[in-house]
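Source file: entry.pdb (PDB, C-alpha atoms)
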```pdb
ATOM      1  CA  MET A   1       0.000   0.000   0.000
ATOM      2  CA  GLU A   2       2.895   2.349   0.742
ATOM      3  CA  HIS A   3       4.245   1.877  -2.785
ATOM      4  CA  VAL A   4       0.839   2.584  -4.357
ATOM      5  CA  GLU A   5       0.337   5.699  -2.236
ATOM      6  CA  LEU A   6       3.810   7.025  -3.074
ATOM      7  CA  PHE A   7       3.297   6.259  -6.778
ATOM      8  CA  PHE A   8       0.053   8.190  -7.180
ATOM      9  CA  LYS A   9       1.104  10.977  -4.818
ATOM     10  CA  SER A  10       4.306  11.625  -6.795
ATOM     11  CA  ILE A  11       2.463  11.689 -10.131
ATOM     12  CA  PHE A  12      -0.591  13.768  -9.300
ATOM     13  CA  ILE A  13      -0.294  15.505  -5.930
ATOM     14  CA  ASP A  14       3.446  16.304  -5.774
ATOM     15  CA  ASN A  15       3.894  16.656  -9.525
ATOM     16  CA  MET A  16       7.328  18.128 -10.282
ATOM     17  CA  VAL A  17       5.930  20.739 -12.677
ATOM     18  CA  PHE A  18       2.561  21.646 -11.211
ATOM     19  CA  ALA A  19       3.341  21.400  -7.487
ATOM     20  CA  THR A  20       6.937  22.650  -7.295
ATOM     21  CA  PHE A  21       7.444  24.144 -10.814
ATOM     22  CA  LEU A  22      10.739  22.304 -11.335
ATOM     23  CA  GLY A  23      12.121  21.641 -14.802
ATOM     24  CA  MET A  24      10.229  24.556 -16.342
ATOM     25  CA  CYS A  25      12.974  25.517 -18.807
ATOM     26  CA  SER A  26      12.826  22.288 -20.804
ATOM     27  CA  TYR A  27       9.088  21.980 -20.097
ATOM     28  CA  LEU A  28       8.466  25.248 -21.962
ATOM     29  CA  ALA A  29      11.130  24.895 -24.652
ATOM     30  CA  VAL A  30      10.553  21.291 -25.791
ATOM     31  CA  SER A  31       6.751  21.223 -25.570
ATOM     32  CA  LYS A  32       6.000  22.599 -29.015
ATOM     33  CA  LYS A  33       5.612  19.117 -30.547
ATOM     34  CA  VAL A  34       4.235  15.939 -28.995
ATOM     35  CA  SER A  35       6.947  13.787 -30.600
ATOM     36  CA  THR A  36       9.819  15.699 -28.991
ATOM     37  CA  ALA A  37       7.944  15.944 -25.695
ATOM     38  CA  ILE A  38       7.569  12.158 -25.605
ATOM     39  CA  GLY A  39      11.282  11.666 -26.284
ATOM     40  CA  LEU A  40      12.416  14.087 -23.595
ATOM     41  CA  GLY A  41       9.824  12.796 -21.126
ATOM     42  CA  ALA A  42      11.006   9.218 -21.612
ATOM     43  CA  ALA A  43      14.601  10.343 -21.082
ATOM     44  CA  VAL A  44      13.624  12.106 -17.854
ATOM     45  CA  ILE A  45      11.831   8.988 -16.581
ATOM     46  CA  PHE A  46      14.907   6.870 -17.316
ATOM     47  CA  VAL A  47      17.318   9.290 -15.653
ATOM     48  CA  LEU A  48      15.142   9.689 -12.540
ATOM     49  CA  ALA A  49      14.561   5.930 -12.294
ATOM     50  CA  ILE A  50      18.321   5.313 -12.229
ATOM     51  CA  THR A  51      19.681   8.330 -10.358
ATOM     52  CA  VAL A  52      17.236   8.449  -7.436
ATOM     53  CA  PRO A  53      17.991   4.858  -6.258
ATOM     54  CA  LEU A  54      21.732   5.351  -6.872
ATOM     55  CA  ASN A  55      21.721   8.586  -4.900
ATOM     56  CA  TRP A  56      19.714   6.849  -2.160
ATOM     57  CA  LEU A  57      22.509   4.292  -1.842
ATOM     58  CA  LEU A  58      25.108   7.072  -1.783
ATOM     59  CA  ASP A  59      23.154   8.922   0.876
ATOM     60  CA  GLN A  60      22.587   5.863   3.062
ATOM     61  CA  TYR A  61      26.050   4.304   2.892
ATOM     62  CA  ILE A  62      28.420   7.227   2.258
ATOM     63  CA  LEU A  63      26.995  10.722   2.819
ATOM     64  CA  GLN A  64      24.933  10.612   5.996
ATOM     65  CA  GLU A  65      26.481  11.085   9.403
ATOM     66  CA  GLY A  66      27.675   7.687  10.579
ATOM     67  CA  ALA A  67      26.966   6.084   7.194
ATOM     68  CA  LEU A  68      30.604   4.965   6.875
ATOM     69  CA  ALA A  69      30.371   2.760   9.970
ATOM     70  CA  TRP A  70      30.418  -0.282   7.683
ATOM     71  CA  LEU A  71      34.092   0.538   6.960
ATOM     72  CA  GLY A  72      35.000   0.309  10.631
ATOM     73  CA  PRO A  73      34.373   1.946  14.023
ATOM     74  CA  GLU A  74      36.906   4.691  13.316
ATOM     75  CA  PHE A  75      34.724   5.959  10.421
ATOM     76  CA  ALA A  76      31.451   6.028  12.392
ATOM     77  CA  SER A  77      31.747   9.719  13.250
ATOM     78  CA  TYR A  78      32.325  10.898   9.677
ATOM     79  CA  ASP A  79      29.707  13.188   8.139
ATOM     80  CA  LEU A  80      29.988  13.730   4.370
ATOM     81  CA  SER A  81      26.548  15.258   3.867
ATOM     82  CA  PHE A  82      28.174  18.469   2.596
ATOM     83  CA  LEU A  83      29.111  16.496  -0.534
ATOM     84  CA  SER A  84      25.482  15.669  -1.376
ATOM     85  CA  PHE A  85      25.082  18.197  -4.185
ATOM     86  CA  ILE A  86      28.299  17.357  -6.016
ATOM     87  CA  MET A  87      27.810  13.590  -5.649
ATOM     88  CA  PHE A  88      24.197  13.736  -6.808
ATOM     89  CA  ILE A  89      25.071  15.905  -9.809
ATOM     90  CA  ALA A  90      27.966  13.589 -10.740
ATOM     91  CA  THR A  91      25.594  10.613 -10.763
ATOM     92  CA  ILE A  92      23.023  12.525 -12.807
ATOM     93  CA  ALA A  93      25.611  13.746 -15.332
ATOM     94  CA  THR A  94      26.860  10.191 -15.849
ATOM     95  CA  MET A  95      23.365   8.864 -16.557
ATOM     96  CA  VAL A  96      22.531  11.784 -18.859
ATOM     97  CA  GLN A  97      25.698  11.147 -20.845
ATOM     98  CA  LEU A  98      24.610   7.525 -21.256
ATOM     99  CA  VAL A  99      21.150   8.604 -22.431
ATOM    100  CA  GLU A 100      22.661  11.064 -24.893
ATOM    101  CA  ILE A 101      24.892   8.364 -26.417
ATOM    102  CA  VAL A 102      21.970   5.913 -26.752
ATOM    103  CA  VAL A 103      19.604   8.484 -28.297
ATOM    104  CA  GLU A 104      22.234   9.691 -30.747
ATOM    105  CA  LYS A 105      22.963   6.114 -31.777
ATOM    106  CA  PHE A 106      19.426   4.786 -32.204
ATOM    107  CA  SER A 107      17.334   7.926 -32.886
ATOM    108  CA  PRO A 108      19.340  10.662 -34.640
ATOM    109  CA  GLY A 109      16.157  12.523 -35.574
ATOM    110  CA  LEU A 110      15.054  12.807 -31.946
ATOM    111  CA  TYR A 111      18.602  13.711 -30.932
ATOM    112  CA  ASN A 112      18.645  16.609 -33.406
ATOM    113  CA  SER A 113      15.154  17.797 -32.445
ATOM    114  CA  LEU A 114      15.972  17.863 -28.734
ATOM    115  CA  GLY A 115      19.215  19.707 -29.404
ATOM    116  CA  ILE A 116      20.901  21.274 -26.393
ATOM    117  CA  PHE A 117      18.048  20.312 -24.046
ATOM    118  CA  LEU A 118      19.058  16.648 -23.966
ATOM    119  CA  PRO A 119      22.468  17.222 -22.321
ATOM    120  CA  LEU A 120      20.847  19.949 -20.203
ATOM    121  CA  ILE A 121      18.909  17.217 -18.392
ATOM    122  CA  ALA A 122      22.071  16.960 -16.269
ATOM    123  CA  VAL A 123      21.335  20.376 -14.784
ATOM    124  CA  ASN A 124      17.552  20.073 -14.947
ATOM    125  CA  CYS A 125      16.296  21.120 -11.517
ATOM    126  CA  ALA A 126      13.574  18.437 -11.677
ATOM    127  CA  ILE A 127      16.231  15.698 -11.866
ATOM    128  CA  LEU A 128      18.263  17.073  -8.967
ATOM    129  CA  GLY A 129      15.044  17.885  -7.123
ATOM    130  CA  GLY A 130      14.029  14.218  -7.254
ATOM    131  CA  SER A 131      17.191  13.183  -5.417
ATOM    132  CA  LEU A 132      16.998  16.055  -2.927
ATOM    133  CA  PHE A 133      13.328  15.375  -2.172
ATOM    134  CA  MET A 134      14.210  11.705  -1.702
ATOM    135  CA  GLN A 135      16.822  12.771   0.837
ATOM    136  CA  SER A 136      14.695  15.341   2.674
ATOM    137  CA  ARG A 137      11.633  13.082   2.860
ATOM    138  CA  GLU A 138      13.774  10.252   4.223
ATOM    139  CA  ILE A 139      12.624   7.560   1.808
ATOM    140  CA  ALA A 140      12.921   4.363   3.818
ATOM    141  CA  SER A 141      14.083   1.755   1.306
ATOM    142  CA  LEU A 142      15.722   1.277  -2.077
ATOM    143  CA  GLY A 143      12.456  -0.007  -3.537
ATOM    144  CA  LEU A 144      10.594   3.117  -2.439
ATOM    145  CA  ALA A 145      13.407   5.269  -3.849
ATOM    146  CA  PHE A 146      13.062   3.525  -7.229
ATOM    147  CA  ASN A 147       9.277   3.919  -7.040
ATOM    148  CA  TYR A 148       9.652   7.615  -6.263
ATOM    149  CA  GLY A 149      12.085   8.141  -9.143
ATOM    150  CA  VAL A 150       9.848   6.400 -11.686
ATOM    151  CA  SER A 151       6.621   8.041 -10.504
ATOM    152  CA  SER A 152       8.181  11.516 -10.384
ATOM    153  CA  GLY A 153       9.439  10.989 -13.942
ATOM    154  CA  ILE A 154       5.999   9.853 -15.065
ATOM    155  CA  GLY A 155       4.470  12.956 -13.490
ATOM    156  CA  TRP A 156       6.888  15.212 -15.377
ATOM    157  CA  PHE A 157       6.276  13.203 -18.574
ATOM    158  CA  LEU A 158       2.494  13.645 -18.275
ATOM    159  CA  ALA A 159       2.922  17.377 -17.712
ATOM    160  CA  ILE A 160       5.071  18.004 -20.784
ATOM    161  CA  LEU A 161       2.980  15.637 -22.919
ATOM    162  CA  ALA A 162      -0.241  17.412 -21.940
ATOM    163  CA  ILE A 163       1.086  20.909 -22.611
ATOM    164  CA  ALA A 164       2.623  19.778 -25.938
ATOM    165  CA  ALA A 165      -0.706  18.356 -27.090
ATOM    166  CA  ILE A 166      -2.512  21.549 -26.085
ATOM    167  CA  ARG A 167       0.074  23.784 -27.767
ATOM    168  CA  GLU A 168      -0.282  21.824 -31.004
ATOM    169  CA  LYS A 169      -4.048  22.396 -30.911
ATOM    170  CA  ILE A 170      -4.010  26.079 -30.002
ATOM    171  CA  ARG A 171      -1.619  26.729 -32.878
ATOM    172  CA  TYR A 172      -4.713  26.741 -35.092
ATOM    173  CA  SER A 173      -6.851  28.716 -32.632
ATOM    174  CA  SER A 174      -7.487  32.454 -32.599
ATOM    175  CA  VAL A 175      -5.385  33.316 -29.559
ATOM    176  CA  PRO A 176      -5.149  37.085 -28.878
ATOM    177  CA  ALA A 177      -1.867  38.472 -30.185
ATOM    178  CA  PRO A 178      -0.468  39.567 -26.769
ATOM    179  CA  LEU A 179      -0.964  36.033 -25.380
ATOM    180  CA  ARG A 180       0.538  34.031 -28.227
ATOM    181  CA  GLY A 181       3.564  31.897 -27.412
ATOM    182  CA  LEU A 182       4.669  31.759 -23.787
ATOM    183  CA  GLY A 183       1.799  33.938 -22.560
ATOM    184  CA  ILE A 184      -0.954  31.427 -23.263
ATOM    185  CA  THR A 185       1.398  28.582 -22.248
ATOM    186  CA  PHE A 186       1.851  30.069 -18.771
ATOM    187  CA  ILE A 187      -1.905  30.567 -18.423
ATOM    188  CA  ILE A 188      -2.608  26.971 -19.431
ATOM    189  CA  THR A 189       0.111  25.707 -17.092
ATOM    190  CA  GLY A 190      -1.458  27.612 -14.199
ATOM    191  CA  LEU A 191      -4.905  26.179 -14.970
ATOM    192  CA  MET A 192      -3.452  22.674 -15.198
ATOM    193  CA  ALA A 193      -1.707  23.198 -11.844
ATOM    194  CA  ILE A 194      -5.038  24.166 -10.284
ATOM    195  CA  GLY A 195      -6.575  21.034 -11.787
ATOM    196  CA  PHE A 196      -3.824  18.810 -10.392
ATOM    197  CA  MET A 197      -4.324  20.361  -6.949
ATOM    198  CA  SER A 198      -7.750  18.694  -6.878
ATOM    199  CA  PHE A 199      -6.013  15.318  -6.648
ATOM    200  CA  GLY A 200      -4.919  16.293  -3.138
ATOM    201  CA  GLY A 201      -8.035  14.636  -1.717
ATOM    202  CA  MET A 202      -7.239  11.256  -3.275
ATOM    203  CA  LEU A 203      -5.176   9.987  -0.350
ATOM    204  CA  THR A 204      -6.888  11.886   2.464
ATOM    205  CA  GLY A 205     -10.500  10.895   1.963
ATOM    206  CA  GLY A 206     -10.022   7.626   3.822
ATOM    207  CA  ASP A 207      -8.864   9.381   6.963
ATOM    208  CA  GLU A 208     -12.199  10.993   7.728
ATOM    209  CA  PRO A 209     -14.140   7.843   8.759
ATOM    210  CA  ALA A 210     -11.337   6.875  11.112
ATOM    211  CA  ALA A 211     -11.265  10.381  12.559
ATOM    212  CA  ASN A 212     -15.049  10.363  12.971
ATOM    213  CA  LYS A 213     -14.879   6.967  14.636
ATOM    214  CA  ASP A 214     -12.257   8.184  17.093
ATOM    215  CA  SER A 215     -14.356  11.264  17.847
ATOM    216  CA  ALA A 216     -17.417   9.109  18.453
ATOM    217  CA  VAL A 217     -15.469   6.884  20.860
ATOM    218  CA  LYS A 218     -14.200   9.940  22.766
ATOM    219  CA  VAL A 219     -17.703  11.428  23.017
ATOM    220  CA  GLU A 220     -19.078   8.111  24.219
ATOM    221  CA  SER A 221     -16.392   7.802  26.904
ATOM    222  CA  ILE A 222     -17.069  11.372  28.073
ATOM    223  CA  GLU A 223     -20.792  10.674  28.281
ATOM    224  CA  THR A 224     -20.067   7.538  30.305
ATOM    225  CA  GLU A 225     -17.907   9.521  32.732
ATOM    226  CA  ILE A 226     -20.668  12.127  33.085
ATOM    227  CA  GLU A 227     -23.235   9.454  33.858
ATOM    228  CA  LYS A 228     -20.960   7.969  36.512
ATOM    229  CA  GLU A 229     -20.475  11.375  38.112
ATOM    230  CA  LYS A 230     -24.236  11.957  38.104
ATOM    231  CA  GLU A 231     -24.774   8.624  39.860
ATOM    232  CA  LYS A 232     -22.167   9.502  42.482
ATOM    233  CA  ILE A 233     -23.794  12.890  43.117
ATOM    234  CA  ALA A 234     -27.220  11.261  43.358
ATOM    235  CA  ASP A 235     -25.926   8.703  45.903
ATOM    236  CA  LYS A 236     -24.305  11.404  48.030
ATOM    237  CA  THR A 237     -27.477  13.505  47.885
ATOM    238  CA  ALA A 238     -29.570  10.536  49.002
ATOM    239  CA  GLN A 239     -27.191   9.876  51.898
ATOM    240  CA  VAL A 240     -27.385  13.510  53.027
ATOM    241  CA  ILE A 241     -31.187  13.477  52.912
ATOM    242  CA  GLN A 242     -31.331  10.278  54.969
TER     243      GLN A 242
END
```
The structure given in the file should be rewritten as structure tokens.
Amino acid sequence: MEHVELFFKSIFIDNMVFATFLGMCSYLAVSKKVSTAIGLGAAVIFVLAITVPLNWLLDQYILQEGALAWLGPEFASYDLSFLSFIMFIATIATMVQLVEIVVEKFSPGLYNSLGIFLPLIAVNCAILGGSLFMQSREIASLGLAFNYGVSSGIGWFLAILAIAAIREKIRYSSVPAPLRGLGITFIITGLMAIGFMSFGGMLTGGDEPAANKDSAVKVESIETEIEKEKEKIADKTAQVIQ
């Protein structure tokens, strides 16, 4: 259940684009065509799926305070957390270089259409944000870290795919001249963000019955205590009268 909750929460509720507005540069620049948006979105999913678990391992066994205890007692007090940024970026840059080589080899057309934005995945704030959110939210296991990486990538993929499809359609619409281009794109992005905020109730609706049940139990216990006190007062009153 924890994996399912994390999966849907990362895609819809904590969407990288609509909740935290990360990765907006490539989101706006490569969303003019659906074909290029799909290619970049797939690359982002791959990079996040690999780098988030790898950075989780780095954080757990190298970077955290006391993480080097497995090397020996003399290393237990070491704290390398100040190296988090440079280690995470090194991992991300390595994976992005691998993606760039594969795309150039097997899909030259996509490689040319993505242009500079493919290698720029290495400094995409959404990619680094995935690893930093994993660290700050204290993801408990490697499996959850992989789940978080994949689901965050899928969320970013859905965002850029949706805006690319809309931008292809509005190209033939009568958009007012001052709003053409990035103007209408920002407006649509804001409306989509508002729509994605509505998913916030997906994982909280089940808490209300439990809360109501707890409240009912508390009220019942209070009523019971009141009745007991009334009985005690009645007994004392009867004794006084006698």
Do you have the atom CA of Val47 of chain A-atom CA of Leu182 of chain A distance handy?
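If I compute the distance from atom CA of Val47 of chain A to atom CA of Leu182 of chain A, I get 27.0 Å.
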Starting from the PyMOL selection byres ((chain A and resi 15-23) around 6), expand the selection into actual residues of this file and give them as a PyMOL selection string.
chain A and resi 10-14+24-25+124-126+155-156+193
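The coordinates place atom CA of Lys32 of chain A at 6.6 Å from atom CA of Glu168 of chain A.
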Minimum-distance residue to Ala67 of chain A, chosen among A:Glu100, A:Asp79, A:Glu138, A:Glu231 (using all atoms listed in the file)
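Checking each candidate against Ala67 of chain A, we get A:Asp79 as the closest.
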Quick one: residues within 10 Å of Gly181 of chain A, all atoms listed in the file, excluding same-chain residues fewer than 6 positions away - as a ChimeraX atom specification?
/A:28,32,167,170-171,175
Determine, counting only C-alpha atoms, which protein, DNA and RNA residues have an atom within 12 Å of an atom of Met95 of chain A; residues of the same chain fewer than 2 positions away are not included. Present the result as a count of residues only.
31
Of the listed residues A:Leu191, A:Leu57, A:Met87, A:Ile160, that which approaches Ser141 of chain A most closely, counting all atoms listed in the file
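Of A:Leu191, A:Leu57, A:Met87, A:Ile160, the one nearest Ser141 of chain A, counting all atoms listed in the file, is A:Leu57.
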Hey, could you pull the box centre and edge lengths for segment 103-115 of chain A, axis-aligned, 5 Å padding per side, all listed atoms, to one decimal in Å, as AutoDock Vina command-line options?
```
--center_x 19.0 --center_y 12.2 --center_z -31.9 --size_x 17.9 --size_y 24.9 --size_z 17.3
```
Residues picked by the PyMOL selection byres ((chain A and resi 149) around 7) here, as a list in words?
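Residues picked by the PyMOL selection byres ((chain A and resi 149) around 7): Leu48, Ala49, Val52, Gly130, Ala145, Phe146, Asn147, Tyr148, Val150, Ser151, Ser152 and Gly153 of chain A.
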Using only C-alpha atoms, can you tell me which of A:Gly195, A:Pro178, A:Gly39, A:Gly201 comes closest to Leu110 of chain A?
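Of A:Gly195, A:Pro178, A:Gly39, A:Gly201, the one nearest Leu110 of chain A is A:Gly39, counting only C-alpha atoms.
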Which value, in Å to one decimal, gives the distance between atom CA of Glu65 of chain A and atom CA of Ser81 of chain A?
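Those two atoms sit 6.9 Å apart.
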Taking only C-alpha atoms into account, which of A:Ala164, A:Phe85, A:Gly183, A:Ile154 comes nearest Ser26 of chain A?
A:Ala164
Pick from A:Ser31, A:Ser131, A:Thr36, A:Ser77, whichever lies nearest to Asn112 of chain A using all atoms listed in the file
A:Thr36
Choose the residue, out of A:Ile116, A:Ile187, A:Leu142, A:Ser198, that has the smallest atom-to-atom separation from Tyr61 of chain A; count all atoms listed in the file.
A:Leu142
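For the structure in this document, the set picked by the PyMOL selection byres ((chain A and resi 78) around 12) is A:Tyr61, A:Ile62, A:Leu63, A:Gln64, A:Glu65, A:Gly66, A:Ala67, A:Leu68, A:Ala69, A:Trp70, A:Leu71, A:Gly72, A:Pro73, A:Glu74, A:Phe75, A:Ala76, A:Ser77, A:Asp79, A:Leu80, A:Ser81, A:Phe82.
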